[in-house]
file run.cif (mmCIF, C-alpha atoms)
data_structure
loop_
_atom_site.label_atom_id
_atom_site.label_comp_id
_atom_site.auth_asym_id
_atom_site.auth_seq_id
_atom_site.Cartn_x
_atom_site.Cartn_y
_atom_site.Cartn_z
CA MET B 1 -46.68 115.67 211.36
CA ARG B 2 -42.92 115.95 211.33
CA PRO B 3 -41.24 114.22 208.43
CA VAL B 4 -38.70 111.60 209.36
CA GLU B 5 -35.26 113.07 208.93
CA GLN B 6 -32.89 112.25 206.18
CA THR B 7 -29.18 112.26 206.77
CA ALA B 8 -26.92 114.32 204.57
CA ASP B 9 -25.91 112.94 201.20
CA GLY B 10 -23.27 110.29 201.28
CA GLU B 11 -24.32 108.81 204.60
CA ASN B 12 -26.28 105.66 204.96
CA GLN B 13 -29.98 106.22 204.96
CA PRO B 14 -31.49 105.85 208.42
CA TRP B 15 -32.69 102.39 209.32
CA ASP B 16 -30.85 100.76 206.42
CA GLU B 17 -29.94 97.99 208.83
CA VAL B 18 -33.61 97.06 209.31
CA THR B 19 -34.84 94.44 206.91
CA PRO B 20 -37.09 93.39 205.27
CA GLU B 21 -38.53 96.62 203.90
CA ALA B 22 -41.87 96.07 205.68
CA ALA B 23 -40.10 95.90 209.06
CA ARG B 24 -38.26 99.11 208.22
CA ARG B 25 -41.45 100.87 207.17
CA LEU B 26 -43.06 99.92 210.48
CA LEU B 27 -40.07 101.21 212.42
CA VAL B 28 -40.17 104.54 210.64
CA ALA B 29 -43.91 104.77 211.34
CA ALA B 30 -43.28 103.96 215.01
CA VAL B 31 -40.65 106.71 215.33
CA GLU B 32 -43.08 109.25 213.87
CA ALA B 33 -45.95 108.14 216.08
CA PHE B 34 -43.90 107.97 219.30
CA ALA B 35 -42.37 111.40 218.63
CA GLU B 36 -45.73 112.96 217.89
CA ARG B 37 -47.94 111.50 220.58
CA GLY B 38 -45.60 109.71 222.97
CA TYR B 39 -45.04 105.98 223.39
CA HIS B 40 -47.95 105.39 225.75
CA ALA B 41 -50.49 107.18 223.56
CA THR B 42 -49.52 105.14 220.50
CA THR B 43 -51.07 101.77 219.68
CA THR B 44 -49.68 99.10 217.39
CA ARG B 45 -52.80 99.75 215.32
CA ASP B 46 -51.73 103.40 214.88
CA ILE B 47 -48.29 102.28 213.77
CA ALA B 48 -49.59 99.70 211.30
CA GLY B 49 -52.02 102.29 209.92
CA ARG B 50 -49.27 104.86 209.35
CA ALA B 51 -47.22 102.22 207.55
CA GLY B 52 -50.23 101.33 205.38
CA MET B 53 -50.36 97.84 206.85
CA SER B 54 -52.73 95.75 208.92
CA PRO B 55 -52.16 95.08 212.63
CA ALA B 56 -51.74 91.40 211.71
CA ALA B 57 -48.93 92.30 209.31
CA LEU B 58 -47.21 94.25 212.11
CA TYR B 59 -47.20 91.20 214.39
CA ILE B 60 -45.24 89.23 211.81
CA HIS B 61 -42.32 91.59 212.45
CA TYR B 62 -42.79 92.84 216.02
CA LYS B 63 -44.52 90.97 218.82
CA THR B 64 -45.12 94.03 220.97
CA LYS B 65 -44.97 97.81 220.87
CA GLU B 66 -42.09 97.60 223.32
CA GLU B 67 -40.13 95.51 220.83
CA LEU B 68 -40.41 98.37 218.33
CA LEU B 69 -39.23 100.90 220.91
CA HIS B 70 -36.35 98.66 221.89
CA ARG B 71 -35.27 98.25 218.28
CA ILE B 72 -35.33 102.05 217.75
CA SER B 73 -33.51 102.68 221.01
CA ARG B 74 -30.89 100.02 220.35
CA ILE B 75 -30.09 101.28 216.85
CA GLY B 76 -29.89 104.87 218.12
CA HIS B 77 -27.66 103.99 221.05
CA ASP B 78 -25.41 101.78 218.90
CA LYS B 79 -24.97 104.71 216.52
CA ALA B 80 -24.18 107.14 219.37
CA LEU B 81 -21.63 104.75 220.82
CA GLU B 82 -20.06 104.20 217.39
CA LEU B 83 -19.66 107.95 216.79
CA LEU B 84 -18.19 108.62 220.22
CA THR B 85 -15.88 105.61 220.17
CA ARG B 86 -14.59 106.53 216.73
CA ALA B 87 -13.78 110.05 217.97
CA ALA B 88 -12.18 108.73 221.17
CA GLU B 89 -9.98 106.28 219.27
CA SER B 90 -9.02 108.55 216.41
CA PRO B 91 -5.46 109.84 216.18
CA GLY B 92 -4.82 113.42 217.14
CA THR B 93 -4.72 115.46 220.28
CA ALA B 94 -7.34 115.25 223.00
CA SER B 95 -8.67 118.63 221.81
CA GLU B 96 -9.11 117.36 218.27
CA ARG B 97 -10.77 114.17 219.46
CA LEU B 98 -13.11 116.04 221.82
CA ALA B 99 -14.09 118.51 219.08
CA GLU B 100 -14.81 115.60 216.73
CA ALA B 101 -16.88 113.77 219.35
CA VAL B 102 -18.99 116.88 219.96
CA ARG B 103 -19.42 117.66 216.26
CA ALA B 104 -20.50 114.10 215.44
CA PHE B 105 -22.80 113.73 218.45
CA VAL B 106 -24.45 117.12 217.83
CA ARG B 107 -24.86 116.39 214.12
CA TRP B 108 -26.67 113.14 214.89
CA HIS B 109 -29.01 114.80 217.40
CA ALA B 110 -29.76 117.63 214.97
CA GLU B 111 -30.17 115.67 211.73
CA ARG B 112 -32.07 112.86 213.41
CA HIS B 113 -33.89 114.96 216.00
CA THR B 114 -37.19 113.14 215.75
CA THR B 115 -35.54 109.78 216.27
CA ALA B 116 -33.26 111.20 218.95
CA ARG B 117 -36.22 112.48 220.96
CA VAL B 118 -37.70 109.00 221.05
CA VAL B 119 -34.32 107.48 221.87
CA GLN B 120 -33.60 109.98 224.66
CA TYR B 121 -37.03 110.56 226.21
CA GLU B 122 -38.69 107.15 226.18
CA LEU B 123 -36.14 105.13 228.15
CA ASP B 124 -38.58 104.64 231.02
CA ALA B 125 -40.99 102.83 228.69
CA LEU B 126 -38.50 100.04 227.96
CA GLY B 127 -38.90 96.73 229.74
CA ASP B 128 -36.44 96.04 232.56
CA GLU B 129 -34.11 93.82 230.57
CA HIS B 130 -34.02 96.11 227.58
CA ARG B 131 -33.51 99.17 229.75
CA ALA B 132 -30.55 97.51 231.46
CA GLU B 133 -29.02 96.76 228.06
CA ILE B 134 -29.45 100.37 226.92
CA VAL B 135 -28.09 101.77 230.20
CA GLN B 136 -24.98 99.69 229.57
CA LEU B 137 -24.55 101.25 226.11
CA ARG B 138 -24.98 104.71 227.64
CA ARG B 139 -22.26 103.94 230.16
CA GLN B 140 -19.93 102.97 227.32
CA SER B 141 -20.71 106.23 225.51
CA GLY B 142 -19.93 108.15 228.66
CA ALA B 143 -16.69 106.21 229.08
CA ALA B 144 -15.56 107.17 225.57
CA VAL B 145 -15.90 110.89 226.35
CA ARG B 146 -14.39 110.45 229.81
CA ARG B 147 -11.36 108.80 228.19
CA ILE B 148 -10.76 111.85 225.99
CA LEU B 149 -11.04 114.19 228.98
CA THR B 150 -8.70 112.06 231.07
CA ASP B 151 -6.15 111.94 228.23
CA GLY B 152 -6.36 115.71 227.85
CA VAL B 153 -5.78 116.28 231.55
CA ARG B 154 -2.85 113.84 231.51
CA ASP B 155 -1.29 115.59 228.53
CA GLY B 156 -1.72 119.04 230.07
CA GLU B 157 -4.16 120.10 227.35
CA PHE B 158 -7.20 120.28 229.62
CA ASP B 159 -7.87 121.57 233.09
CA VAL B 160 -10.90 119.65 234.38
CA GLN B 161 -11.63 119.46 238.09
CA ASP B 162 -14.59 117.11 237.87
CA VAL B 163 -14.17 114.67 234.97
CA PRO B 164 -17.41 112.67 235.49
CA GLY B 165 -19.46 115.86 235.95
CA THR B 166 -17.92 117.52 232.90
CA THR B 167 -18.49 114.37 230.82
CA LEU B 168 -22.13 114.45 231.84
CA ALA B 169 -22.41 118.14 230.92
CA VAL B 170 -20.79 117.66 227.51
CA LEU B 171 -23.10 114.78 226.59
CA SER B 172 -26.11 116.58 228.02
CA LEU B 173 -25.44 119.73 226.00
CA CYS B 174 -25.29 117.67 222.79
CA ILE B 175 -28.35 115.55 223.62
CA ASP B 176 -30.56 118.57 224.26
CA VAL B 177 -30.01 119.63 220.64
CA ALA B 178 -32.71 117.05 219.81
CA ARG B 179 -35.22 119.04 221.86
CA TRP B 180 -34.71 122.47 220.32
CA PHE B 181 -33.30 121.77 216.86
CA ASN B 182 -35.56 122.92 214.08
CA ALA B 183 -34.69 121.88 210.54
CA ALA B 184 -36.31 125.11 209.31
CA GLY B 185 -34.27 127.21 211.77
CA ARG B 186 -31.29 129.44 211.15
CA ARG B 187 -28.54 126.99 212.01
CA THR B 188 -27.51 123.84 210.13
CA PRO B 189 -26.46 120.72 212.05
CA ASP B 190 -22.83 121.42 211.06
CA GLU B 191 -23.02 125.00 212.32
CA VAL B 192 -24.40 123.89 215.68
CA GLY B 193 -21.70 121.22 215.83
CA ALA B 194 -18.94 123.78 215.18
CA LEU B 195 -20.32 126.22 217.78
CA TYR B 196 -20.68 123.50 220.38
CA ALA B 197 -17.21 122.06 219.75
CA ASP B 198 -15.80 125.54 220.41
CA LEU B 199 -17.86 125.99 223.59
CA VAL B 200 -16.86 122.55 224.91
CA LEU B 201 -13.17 123.15 224.22
CA ARG B 202 -13.49 126.37 226.23
CA MET B 203 -15.12 124.43 229.09
CA VAL B 204 -12.08 122.18 229.44
CA ALA B 205 -9.32 124.59 228.45
CA VAL B 206 -6.36 125.22 230.70
CA LYS B 207 -7.06 128.53 232.44
CA PRO B 208 -4.67 131.40 231.91
CA GLY B 209 -2.01 131.30 234.57
CA ALA B 210 -2.96 127.81 235.74
CA PRO B 211 -0.08 125.49 236.56
CA THR B 212 0.59 123.00 233.77
CA VAL B 213 1.52 119.36 234.16
CA ALA B 214 5.25 118.91 234.47
CA MET C 1 -44.61 106.61 240.23
CA ARG C 2 -42.28 109.52 240.81
CA PRO C 3 -43.22 111.70 243.76
CA VAL C 4 -43.79 115.34 242.96
CA GLU C 5 -40.75 117.28 244.03
CA GLN C 6 -40.56 119.50 247.03
CA THR C 7 -38.41 122.58 247.00
CA ALA C 8 -35.80 123.10 249.69
CA ASP C 9 -36.89 124.43 253.05
CA GLY C 10 -37.61 128.11 253.17
CA GLU C 11 -38.94 128.33 249.65
CA ASN C 12 -42.58 128.51 248.76
CA GLN C 13 -44.15 125.15 248.23
CA PRO C 14 -44.72 124.41 244.56
CA TRP C 15 -48.13 125.43 243.21
CA ASP C 16 -48.88 127.62 246.23
CA GLU C 17 -50.30 130.10 243.77
CA VAL C 18 -53.00 127.66 242.68
CA THR C 19 -56.20 127.93 244.68
CA PRO C 20 -58.55 126.55 245.87
CA GLU C 21 -56.88 123.43 247.25
CA ALA C 22 -58.89 121.13 244.96
CA ALA C 23 -57.56 122.94 241.89
CA ARG C 24 -54.02 122.60 243.24
CA ARG C 25 -54.48 118.90 243.95
CA LEU C 26 -55.67 118.36 240.38
CA LEU C 27 -52.69 120.25 239.00
CA VAL C 28 -50.24 118.14 240.99
CA ALA C 29 -52.01 114.99 239.77
CA ALA C 30 -51.79 116.25 236.17
CA VAL C 31 -48.04 116.89 236.46
CA GLU C 32 -47.49 113.36 237.75
CA ALA C 33 -49.66 111.79 235.06
CA PHE C 34 -48.20 113.80 232.18
CA ALA C 35 -44.63 113.10 233.33
CA GLU C 36 -45.31 109.39 233.69
CA ARG C 37 -47.34 108.59 230.60
CA GLY C 38 -47.18 111.72 228.45
CA TYR C 39 -49.88 114.30 227.82
CA HIS C 40 -51.62 112.42 225.03
CA ALA C 41 -51.86 109.15 226.96
CA THR C 42 -53.46 110.87 229.97
CA THR C 43 -57.20 111.42 230.27
CA THR C 44 -58.98 113.90 232.53
CA ARG C 45 -60.48 110.81 234.17
CA ASP C 46 -56.94 109.60 235.05
CA ILE C 47 -56.13 112.98 236.55
CA ALA C 48 -59.32 113.18 238.59
CA GLY C 49 -58.73 109.61 239.81
CA ARG C 50 -55.19 110.39 240.97
CA ALA C 51 -56.51 113.42 242.83
CA GLY C 52 -59.22 111.29 244.46
CA MET C 53 -61.94 113.26 242.73
CA SER C 54 -64.66 112.64 240.18
CA PRO C 55 -64.36 113.75 236.55
CA ALA C 56 -67.28 116.10 237.21
CA ALA C 57 -65.35 117.73 240.07
CA LEU C 58 -62.39 118.27 237.72
CA TYR C 59 -64.56 120.16 235.23
CA ILE C 60 -65.47 122.68 237.91
CA HIS C 61 -61.84 123.80 237.89
CA TYR C 62 -60.55 123.00 234.40
CA LYS C 63 -62.62 122.85 231.25
CA THR C 64 -60.11 120.80 229.28
CA LYS C 65 -56.95 118.78 229.68
CA GLU C 66 -55.17 121.44 227.67
CA GLU C 67 -56.17 124.05 230.25
CA LEU C 68 -54.33 122.01 232.89
CA LEU C 69 -51.23 121.76 230.71
CA HIS C 70 -51.36 125.46 229.99
CA ARG C 71 -51.63 126.31 233.68
CA ILE C 72 -48.62 124.08 234.49
CA SER C 73 -46.61 125.48 231.59
CA ARG C 74 -47.47 129.08 232.42
CA ILE C 75 -46.48 128.76 236.07
CA GLY C 76 -43.24 126.99 235.13
CA HIS C 77 -42.31 129.55 232.50
CA ASP C 78 -43.21 132.48 234.77
CA LYS C 79 -40.90 131.01 237.40
CA ALA C 80 -38.06 130.52 234.91
CA LEU C 81 -38.41 134.07 233.65
CA GLU C 82 -38.51 135.41 237.21
CA LEU C 83 -35.28 133.58 238.16
CA LEU C 84 -33.42 134.67 235.05
CA THR C 85 -34.65 138.28 235.19
CA ARG C 86 -33.67 138.56 238.84
CA ALA C 87 -30.16 137.34 238.00
CA ALA C 88 -29.89 139.63 234.98
CA GLU C 89 -30.98 142.69 236.97
CA SER C 90 -28.99 141.97 240.11
CA PRO C 91 -26.02 144.18 240.96
CA GLY C 92 -22.57 142.74 240.39
CA THR C 93 -20.38 141.94 237.44
CA ALA C 94 -21.60 140.09 234.36
CA SER C 95 -19.72 137.01 235.61
CA GLU C 96 -21.52 137.10 238.94
CA ARG C 97 -24.90 137.60 237.28
CA LEU C 98 -24.29 134.81 234.76
CA ALA C 99 -23.20 132.40 237.51
CA GLU C 100 -26.32 133.27 239.51
CA ALA C 101 -28.59 132.79 236.47
CA VAL C 102 -27.10 129.36 235.81
CA ARG C 103 -27.23 128.29 239.47
CA ALA C 104 -30.87 129.33 239.84
CA PHE C 105 -32.00 127.88 236.52
CA VAL C 106 -30.21 124.57 237.16
CA ARG C 107 -31.57 124.36 240.68
CA TRP C 108 -35.13 124.75 239.42
CA HIS C 109 -34.69 122.09 236.73
CA ALA C 110 -33.12 119.68 239.25
CA GLU C 111 -35.44 120.21 242.22
CA ARG C 112 -38.55 120.36 240.08
CA HIS C 113 -37.43 117.87 237.42
CA THR C 114 -40.80 116.15 237.05
CA THR C 115 -42.58 119.46 236.51
CA ALA C 116 -39.76 120.73 234.31
CA ARG C 117 -40.05 117.73 232.00
CA VAL C 118 -43.72 118.47 231.43
CA VAL C 119 -42.99 122.18 230.99
CA GLN C 120 -40.13 121.56 228.53
CA TYR C 121 -41.32 118.53 226.56
CA GLU C 122 -45.05 119.08 226.08
CA LEU C 123 -45.01 122.47 224.36
CA ASP C 124 -46.33 120.95 221.13
CA ALA C 125 -49.48 119.81 222.93
CA LEU C 126 -50.52 123.37 223.80
CA GLY C 127 -53.21 125.04 221.72
CA ASP C 128 -52.01 127.67 219.24
CA GLU C 129 -52.86 130.69 221.36
CA HIS C 130 -51.35 129.25 224.51
CA ARG C 131 -48.24 128.12 222.70
CA ALA C 132 -47.73 131.62 221.30
CA GLU C 133 -48.01 133.04 224.82
CA ILE C 134 -45.43 130.56 226.15
CA VAL C 135 -43.06 131.15 223.24
CA GLN C 136 -43.15 134.83 224.14
CA LEU C 137 -42.13 134.04 227.74
CA ARG C 138 -39.30 131.85 226.45
CA ARG C 139 -38.07 134.73 224.27
CA GLN C 140 -38.00 136.98 227.34
CA SER C 141 -36.01 134.35 229.27
CA GLY C 142 -33.53 134.14 226.41
CA ALA C 143 -33.31 137.93 226.32
CA ALA C 144 -32.40 138.05 230.03
CA VAL C 145 -29.42 135.74 229.48
CA ARG C 146 -28.45 137.52 226.27
CA ARG C 147 -28.38 140.81 228.17
CA ILE C 148 -25.86 139.41 230.66
CA LEU C 149 -23.65 138.09 227.85
CA THR C 150 -23.82 141.39 225.97
CA ASP C 151 -22.93 143.33 229.12
CA GLY C 152 -19.99 141.00 229.77
CA VAL C 153 -18.67 141.46 226.24
CA ARG C 154 -19.08 145.25 226.51
CA ASP C 155 -17.20 145.31 229.82
CA GLY C 156 -14.38 143.11 228.50
CA GLU C 157 -15.24 140.31 230.92
CA PHE C 158 -16.44 137.88 228.24
CA ASP C 159 -15.24 136.87 224.82
CA VAL C 160 -18.30 135.55 222.97
CA GLN C 161 -18.33 135.35 219.18
CA ASP C 162 -21.93 134.22 218.80
CA VAL C 163 -24.12 135.72 221.53
CA PRO C 164 -27.46 134.20 220.40
CA GLY C 165 -25.88 130.76 219.90
CA THR C 166 -24.12 130.87 223.26
CA THR C 167 -27.32 132.01 224.98
CA LEU C 168 -29.10 129.04 223.46
CA ALA C 169 -26.35 126.67 224.60
CA VAL C 170 -26.35 128.00 228.16
CA LEU C 171 -30.12 127.67 228.53
CA SER C 172 -30.09 124.27 226.82
CA LEU C 173 -27.41 122.90 229.15
CA CYS C 174 -29.50 123.93 232.17
CA ILE C 175 -32.80 122.68 230.76
CA ASP C 176 -31.43 119.21 230.05
CA VAL C 177 -30.78 118.78 233.77
CA ALA C 178 -34.51 117.96 234.01
CA ARG C 179 -33.95 114.92 231.78
CA TRP C 180 -31.06 113.30 233.64
CA PHE C 181 -31.36 114.59 237.20
CA ASN C 182 -32.07 111.88 239.71
CA ALA C 183 -32.96 112.90 243.24
CA ALA C 184 -31.37 109.66 244.48
CA GLY C 185 -28.17 110.34 242.53
CA ARG C 186 -24.80 111.51 243.73
CA ARG C 187 -25.18 115.22 243.07
CA THR C 188 -27.47 117.68 244.82
CA PRO C 189 -29.19 120.46 242.85
CA ASP C 190 -26.76 122.97 244.40
CA GLU C 191 -23.73 120.89 243.40
CA VAL C 192 -24.92 120.63 239.81
CA GLY C 193 -25.61 124.38 239.84
CA ALA C 194 -22.08 125.15 241.07
CA LEU C 195 -20.45 122.84 238.50
CA TYR C 196 -22.52 124.28 235.66
CA ALA C 197 -21.89 127.88 236.68
CA ASP C 198 -18.15 127.14 236.51
CA LEU C 199 -18.46 125.44 233.09
CA VAL C 200 -20.55 128.29 231.68
CA LEU C 201 -18.12 130.95 232.94
CA ARG C 202 -15.38 129.03 231.16
CA MET C 203 -17.46 129.00 227.95
CA VAL C 204 -17.58 132.78 227.86
CA ALA C 205 -14.22 133.62 229.42
CA VAL C 206 -11.76 135.85 227.65
CA LYS C 207 -9.22 133.54 226.07
CA PRO C 208 -5.59 133.80 227.15
CA GLY C 209 -3.83 136.24 224.89
CA ALA C 210 -7.07 137.54 223.34
CA PRO C 211 -7.26 141.25 222.78
CA THR C 212 -9.34 143.01 225.43
CA VAL C 213 -11.76 145.84 224.90
CA ALA C 214 -10.01 149.19 225.13
#

call {"tool": "encode", "arguments": {"input": "run.cif", "output": "structure tokens"}}
result
Amino acid sequence: MRPVEQTADGENQPWDEVTPEAARRLLVAAVEAFAERGYHATTTRDIAGRAGMSPAALYIHYKTKEELLHRISRIGHDKALELLTRAAESPGTASERLAEAVRAFVRWHAERHTTARVVQYELDALGDEHRAEIVQLRRQSGAAVRRILTDGVRDGEFDVQDVPGTTLAVLSLCIDVARWFNAAGRRTPDEVGALYADLVLRMVAVKPGAPTVA
Amino acid sequence: MRPVEQTADGENQPWDEVTPEAARRLLVAAVEAFAERGYHATTTRDIAGRAGMSPAALYIHYKTKEELLHRISRIGHDKALELLTRAAESPGTASERLAEAVRAFVRWHAERHTTARVVQYELDALGDEHRAEIVQLRRQSGAAVRRILTDGVRDGEFDVQDVPGTTLAVLSLCIDVARWFNAAGRRTPDEVGALYADLVLRMVAVKPGAPTVA
């Protein structure tokens, strides 16, 4: 069993926003169970058992298994949007803002890789209404990155032929960190973030000899 | 239900190497079921049912559900290694070989995205011995890309500070195509391959003003 991740010191503990404590405990148990066996192979009984509670106690807090998944997905997507929006709206050049967006987004997917896998890979299991809500949040996250790229092109800092495609690639590169990141591996979340920020800045850099904006 | 992907005209049909036909039909059914509900939520009875066969008929070809997953994973990883090795060993400059590796690897993850999701996301469900075998194939795939990067640095074509990290990022970017690719979407597998080859060449390009190898 993978332990649920802890964020670095100084940050809020994960799921702090979920109250009361019993509801939080159930959510943490659901993340573990979904990540380990998949959403469809997990029962509410499994989740209650992991949390040391009865199925009846679970139903006080969550009416369905899908409600648990939606809560996890919503919190994860809100956090992603918050990180990317903060980077997009921060002062500084487009390069600085893009590097910060990549560092923050990578760090989240590395530190919270178990949660991130559930958030990123179980979208199809959401009910129609919930999926539509989450798709909307994902669009907003994409728009935040697209804004940085567009600003960089406008200011002559970036040379990007295909802004939507490059936005997709940048987000995709960061998201896949959740798949391969291993807390026992050689690289820390910050090291991956720094490497990826450098690679992404190279992706969008003005090419040598390219005409610059007048 | 997602249809199992077909490769473009002129290529071998997927799973051609699996015979007899009943064994192939079961494998295709297993890919669909694992992709839709996850490995752990799928029973051999589900798989036999999808293939229009009895559970007893399944056991003639596969002793366990894990044997099916291993067969799928092995074929997928053999294919990935074949594509990347061919690119690494092809004539041409490091840039040409890297672009070809990215195009081929992206194309596979886009065209065969349902299979690729099973291959990439269900590694933990393999038995220990099978997982060790697959990890070995993944190392060889990584080594093929690393060889191209190392050659490019040696020849002064590439400027890469962290060859293992950049290798990981390149493979990761391509693999994540399986997560987001939508056959009904705006981009064809070839278009994504071309965009990604360009982005990856930018990642490794010699920076303007950087010292070149003597």

call {"tool": "residues_around", "arguments": {"input": "run.cif", "residues": "B:Leu173", "least_positions_apart": "6", "cutoff": "12 Å", "atoms": "only C-alpha atoms", "output": "PyMOL selection string"}}
result
(chain B and resi 102-103+105-106+109+166-167+179-180+192-193+195-197+199-200+203) or (chain C and resi 166+168-177+179-180+196+199-200)

call {"tool": "atom_distance", "arguments": {"input": "run.cif", "atom1": "atom CA of C:Gln120", "atom2": "atom CA of B:Glu32"}}
result
19.4 Å

call {"tool": "atom_distance", "arguments": {"input": "run.cif", "atom1": "atom CA of C:Ser73", "atom2": "atom CA of B:Ala29"}}
result
29.1 Å

call {"tool": "residues_around", "arguments": {"input": "run.cif", "residues": "B:Leu26", "least_positions_apart": "6", "cutoff": "12 Å", "atoms": "all atoms listed in the file", "output": "PyMOL selection string"}}
result
chain B and resi 15+18-20+32-34+44-55+57-62+65+67-69+71-72

call {"tool": "resolve_selection", "arguments": {"input": "run.cif", "expression": "the PyMOL selection byres ((chain B and resi 143-148) around 10)", "output": "VMD selection string"}}
result
chain B and resid 81 to 89 93 to 98 101 to 102 137 to 142 149 to 154 158 163 to 168 170 to 171

call {"tool": "closest_residue", "arguments": {"input": "run.cif", "among": "C:Glu21, C:Asp128, C:Asp16, C:Glu36", "to": "C:Glu66", "atoms": "all atoms listed in the file"}}
result
C:Asp128

call {"tool": "axis_aligned_box", "arguments": {"input": "run.cif", "around": "stretch 186-194 of chain C", "padding_each_side": "3 Å", "output": "lines of an AutoDock Vina configuration file"}}
result
center_x = -25.6
center_y = 118.3
center_z = 242.3
size_x = 13.1
size_y = 19.6
size_z = 11.0

call {"tool": "closest_residue", "arguments": {"input": "run.cif", "among": "B:Arg25, B:Ile134, B:Arg112, B:Ala125", "to": "chain C", "atoms": "only C-alpha atoms"}}
result
B:Ala125

call {"tool": "residues_around", "arguments": {"input": "run.cif", "residues": "C:Trp108", "least_positions_apart": "5", "cutoff": "9 Å", "atoms": "all atoms listed in the file", "output": "ChimeraX atom specification"}}
result
/C:7,79-80,83,103,113,116,178,189

call {"tool": "write_last_selection", "arguments": {"input": "run.cif", "atoms": "C-alpha atoms", "output": "CSV table (one decimal), keeping the file's coordinate frame"}}
result
chain,number,residue,atom,x,y,z
C,7,THR,CA,-38.4,122.6,247.0
C,79,LYS,CA,-40.9,131.0,237.4
C,80,ALA,CA,-38.1,130.5,234.9
C,83,LEU,CA,-35.3,133.6,238.2
C,103,ARG,CA,-27.2,128.3,239.5
C,113,HIS,CA,-37.4,117.9,237.4
C,116,ALA,CA,-39.8,120.7,234.3
C,178,ALA,CA,-34.5,118.0,234.0
C,189,PRO,CA,-29.2,120.5,242.8

call {"tool": "atom_distance", "arguments": {"input": "run.cif", "atom1": "atom CA of C:Val204", "atom2": "atom CA of C:Val119"}}
result
27.7 Å

call {"tool": "closest_residue", "arguments": {"input": "run.cif", "among": "B:Ala22, B:Ala35, B:Ala194, B:Ala30", "to": "B:Tyr121", "atoms": "only C-alpha atoms"}}
result
B:Ala35

call {"tool": "closest_residue", "arguments": {"input": "run.cif", "among": "B:Asp78, B:Glu122, B:Glu157, B:Glu111", "to": "chain C", "atoms": "only C-alpha atoms"}}
result
B:Glu122

call {"tool": "closest_residue", "arguments": {"input": "run.cif", "among": "B:Ala41, B:Ala56, B:Ala183, B:Val160", "to": "chain C", "atoms": "only C-alpha atoms"}}
result
B:Ala41
